[in-house]
Amino acid sequence: MRANSMIIDSHVHLKHGNAEKTEYTAEAIIESMDESGVDKSVVFAICTTAWTAVEMAADAQSQYPDRLIPYAYALPSTERPILDILEDAVVNGGFKGIKIHCGECTLADYVSDPVLKLAGKLGVPCLIDFIGRDADLNRMARSFPDTRIIAAHLGRYLGTDQPLMDRFIAIAEACDNVYLDISGVILLWKIREAVERVGASRVIWGSDGPYPTPDLATYIRTDIAKVKASGISETDQQAVLGGTIATLLNI
């Protein structure tokens, strides 16, 4: 199967950040993928230590090596350093990216910059949930032009602040190392605007699943449908739904 014809979910949680810290098995994720027509998924865990997150993603990928793509999780710890853990995951574990979540750690330069520098050195992207902090994205993108940054949720999960979303799109327009993740985006015309302003080659679909309502597979199918209903061309749909992340991750 050609990469540009695959559907790749670029944002899937083995462990979520909800109040229950819900976990999903690799088997459950694969079953939902099969039922919704998804070929591959990027998987990671949050709300746990960096080393536990790596273990969870590595275990999932070992069960389905042709379907699941692991990301490491960069959460600072007072117990042990994490940069060596992240580097080992990428270099020796075949991990394809690094996840950072501003809901669990500050994005201040003294915390985030070593991770961004490492990602640039290793040639893997950082998927970052900025929870609306566009100034942090602007600083990072300009400070680390060789590091590819994926801004989750077009700025903020389930966001309705259109000026904020516009600022995230504008940063991507100005910085070609910035990619826009559209998981959790509920304003469909903003997907179209992102593609029109930045290009489908830097807009990436993800479900932010698994999500149990109404069921795992229906949730994914509905999320795919929002891309198709956004008004972008079929060629751009193929890029957003899989081609762009496949190129970015070299898969």
# chains A, B, ... in the order shown; residues from 1 in each chain; ligands from 1
>>> closest_atom_pairs(of="range 146-219 of chain A", to="range 122-133 of chain A", cutoff="9 Å", atoms="only C-alpha atoms", output="JSON lines")
{"residue": "A:Asp146", "atom": "CA", "partner": "A:Gly123", "partner_atom": "CA", "distance": 8.3}
{"residue": "A:Thr147", "atom": "CA", "partner": "A:Pro125", "partner_atom": "CA", "distance": 6.5}
{"residue": "A:Arg148", "atom": "CA", "partner": "A:Pro125", "partner_atom": "CA", "distance": 4.7}
{"residue": "A:Ile149", "atom": "CA", "partner": "A:Cys126", "partner_atom": "CA", "distance": 5.0}
{"residue": "A:Ile150", "atom": "CA", "partner": "A:Leu127", "partner_atom": "CA", "distance": 4.6}
{"residue": "A:Ala151", "atom": "CA", "partner": "A:Ile128", "partner_atom": "CA", "distance": 5.4}
{"residue": "A:Ala152", "atom": "CA", "partner": "A:Asp129", "partner_atom": "CA", "distance": 4.9}
{"residue": "A:His153", "atom": "CA", "partner": "A:Asp129", "partner_atom": "CA", "distance": 7.3}
{"residue": "A:Leu154", "atom": "CA", "partner": "A:Gly132", "partner_atom": "CA", "distance": 8.7}
{"residue": "A:Gly155", "atom": "CA", "partner": "A:Gly132", "partner_atom": "CA", "distance": 5.0}
{"residue": "A:Arg156", "atom": "CA", "partner": "A:Ile131", "partner_atom": "CA", "distance": 4.9}
{"residue": "A:Tyr157", "atom": "CA", "partner": "A:Ile131", "partner_atom": "CA", "distance": 7.1}
{"residue": "A:Gly159", "atom": "CA", "partner": "A:Gly132", "partner_atom": "CA", "distance": 8.7}
{"residue": "A:Leu164", "atom": "CA", "partner": "A:Gly132", "partner_atom": "CA", "distance": 7.2}
{"residue": "A:Met165", "atom": "CA", "partner": "A:Gly132", "partner_atom": "CA", "distance": 8.4}
{"residue": "A:Phe168", "atom": "CA", "partner": "A:Gly132", "partner_atom": "CA", "distance": 8.7}
{"residue": "A:Asp181", "atom": "CA", "partner": "A:Leu127", "partner_atom": "CA", "distance": 8.4}
>>> closest_residue(among="A:Ser233, A:Met6, A:Tyr211, A:Ile245", to="Ser32 in chain A", atoms="only C-alpha atoms")
A:Tyr211
>>> select_by_dssp(residues="range 6-217 of chain A", states="alpha helix (DSSP H)", output="NGL selection string")
:A and (26-36 or 50-63 or 83-91 or 109-122 or 134-143 or 162-174 or 188-198 or 216-217)
>>> write_last_selection(atoms="C-alpha atoms", output="short mmCIF file (atom, residue, chain, number, x, y, z; two decimals), in the first residue's frame")
data_model
loop_
_atom_site.label_atom_id
_atom_site.label_comp_id
_atom_site.auth_asym_id
_atom_site.auth_seq_id
_atom_site.Cartn_x
_atom_site.Cartn_y
_atom_site.Cartn_z
CA ALA A 26 -2.94 -2.41 21.81
CA GLU A 27 -5.53 -5.04 20.93
CA ALA A 28 -8.42 -2.64 21.54
CA ILE A 29 -6.76 0.04 19.44
CA ILE A 30 -6.14 -2.37 16.56
CA GLU A 31 -9.72 -3.63 16.69
CA SER A 32 -11.04 -0.06 16.44
CA MET A 33 -8.64 0.64 13.57
CA ASP A 34 -9.79 -2.43 11.67
CA GLU A 35 -13.45 -1.47 12.10
CA SER A 36 -12.88 2.13 10.99
CA ALA A 50 8.65 9.02 30.77
CA TRP A 51 10.08 5.54 31.23
CA THR A 52 6.69 3.92 31.85
CA ALA A 53 5.31 5.69 28.77
CA VAL A 54 8.18 4.30 26.70
CA GLU A 55 7.55 0.81 28.06
CA MET A 56 3.85 1.00 27.22
CA ALA A 57 4.46 2.24 23.67
CA ALA A 58 7.24 -0.28 23.06
CA ASP A 59 5.04 -3.13 24.26
CA ALA A 60 2.17 -2.03 22.00
CA GLN A 61 4.45 -1.69 18.98
CA SER A 62 6.01 -5.11 19.63
CA GLN A 63 2.55 -6.69 19.39
CA LEU A 83 16.94 12.68 27.97
CA ASP A 84 18.83 9.38 27.84
CA ILE A 85 15.50 7.52 28.00
CA LEU A 86 14.15 9.51 25.07
CA GLU A 87 17.30 9.10 23.00
CA ASP A 88 17.46 5.36 23.62
CA ALA A 89 13.80 4.98 22.61
CA VAL A 90 14.48 6.69 19.29
CA VAL A 91 17.91 5.31 18.51
CA ASP A 109 12.92 27.12 27.97
CA TYR A 110 14.85 25.48 30.80
CA VAL A 111 12.48 22.48 30.60
CA SER A 112 11.47 22.17 26.95
CA ASP A 113 14.59 23.31 25.10
CA PRO A 114 16.75 20.26 25.85
CA VAL A 115 14.00 18.01 24.47
CA LEU A 116 13.56 20.13 21.35
CA LYS A 117 17.32 20.16 20.80
CA LEU A 118 17.45 16.37 21.16
CA ALA A 119 14.54 15.87 18.75
CA GLY A 120 16.29 18.03 16.18
CA LYS A 121 19.50 16.07 16.58
CA LEU A 122 17.67 12.76 16.21
CA ASP A 134 0.83 30.36 20.97
CA ALA A 135 3.73 32.47 22.24
CA ASP A 136 5.50 29.28 23.33
CA LEU A 137 5.10 27.78 19.87
CA ASN A 138 6.41 30.95 18.27
CA ARG A 139 9.51 30.95 20.50
CA MET A 140 10.22 27.27 20.01
CA ALA A 141 9.74 27.29 16.25
CA ARG A 142 12.12 30.20 15.79
CA SER A 143 14.67 28.98 18.34
CA GLN A 162 -10.91 31.53 16.30
CA PRO A 163 -8.35 34.35 16.77
CA LEU A 164 -6.22 31.91 18.78
CA MET A 165 -6.45 29.29 16.05
CA ASP A 166 -5.55 31.95 13.51
CA ARG A 167 -2.41 32.77 15.48
CA PHE A 168 -1.32 29.14 15.44
CA ILE A 169 -1.93 28.97 11.68
CA ALA A 170 0.01 32.22 11.20
CA ILE A 171 3.01 30.81 13.07
CA ALA A 172 2.95 27.77 10.79
CA GLU A 173 2.79 30.09 7.78
CA ALA A 174 5.90 31.90 9.02
CA LEU A 188 -14.45 22.34 10.33
CA TRP A 189 -13.82 25.50 8.34
CA LYS A 190 -10.61 25.99 10.31
CA ILE A 191 -9.32 22.73 8.87
CA ARG A 192 -9.94 24.12 5.40
CA GLU A 193 -8.33 27.45 6.31
CA ALA A 194 -5.26 25.69 7.71
CA VAL A 195 -4.86 23.72 4.48
CA GLU A 196 -5.39 26.81 2.34
CA ARG A 197 -2.88 28.91 4.29
CA VAL A 198 -0.20 26.35 5.18
CA LEU A 216 -14.32 3.30 19.61
CA ALA A 217 -14.73 2.65 15.88
#
>>> closest_residue(among="A:Gln238, A:Ser10, A:Thr160, A:Asn18", to="Gly97 in chain A", atoms="only C-alpha atoms")
A:Ser10
>>> closest_residue(among="A:Leu14, A:Ala225, A:Val38, A:Val240", to="Ile182 in chain A", atoms="only C-alpha atoms")
A:Val240
>>> atom_distance(atom1="CA of Gln237 in chain A", atom2="CA of Asp9 in chain A")
13.2 Å
>>> select_by_dssp(residues="range 140-204 of chain A", states="strand (DSSP E)", output="PyMOL selection string")
chain A and resi 149-151+178-181+203-204
>>> write_last_selection(atoms="C-alpha atoms", output="compact mmCIF listing (two decimals), in the first residue's frame")
# COMPACT_ATOMS: atom_id res chain seq x y z
CA ILE A 149 7.05 20.74 15.83
CA ILE A 150 3.51 19.39 15.56
CA ALA A 151 1.09 21.74 17.33
CA VAL A 178 5.63 23.81 12.24
CA TYR A 179 2.93 21.27 11.46
CA LEU A 180 -0.71 21.55 12.54
CA ASP A 181 -2.45 18.60 14.19
CA VAL A 203 -1.66 19.56 8.26
CA ILE A 204 -2.10 16.22 10.04
>>> atom_distance(atom1="CA of Asn92 in chain A", atom2="CA of Ser5 in chain A")
28.8 Å
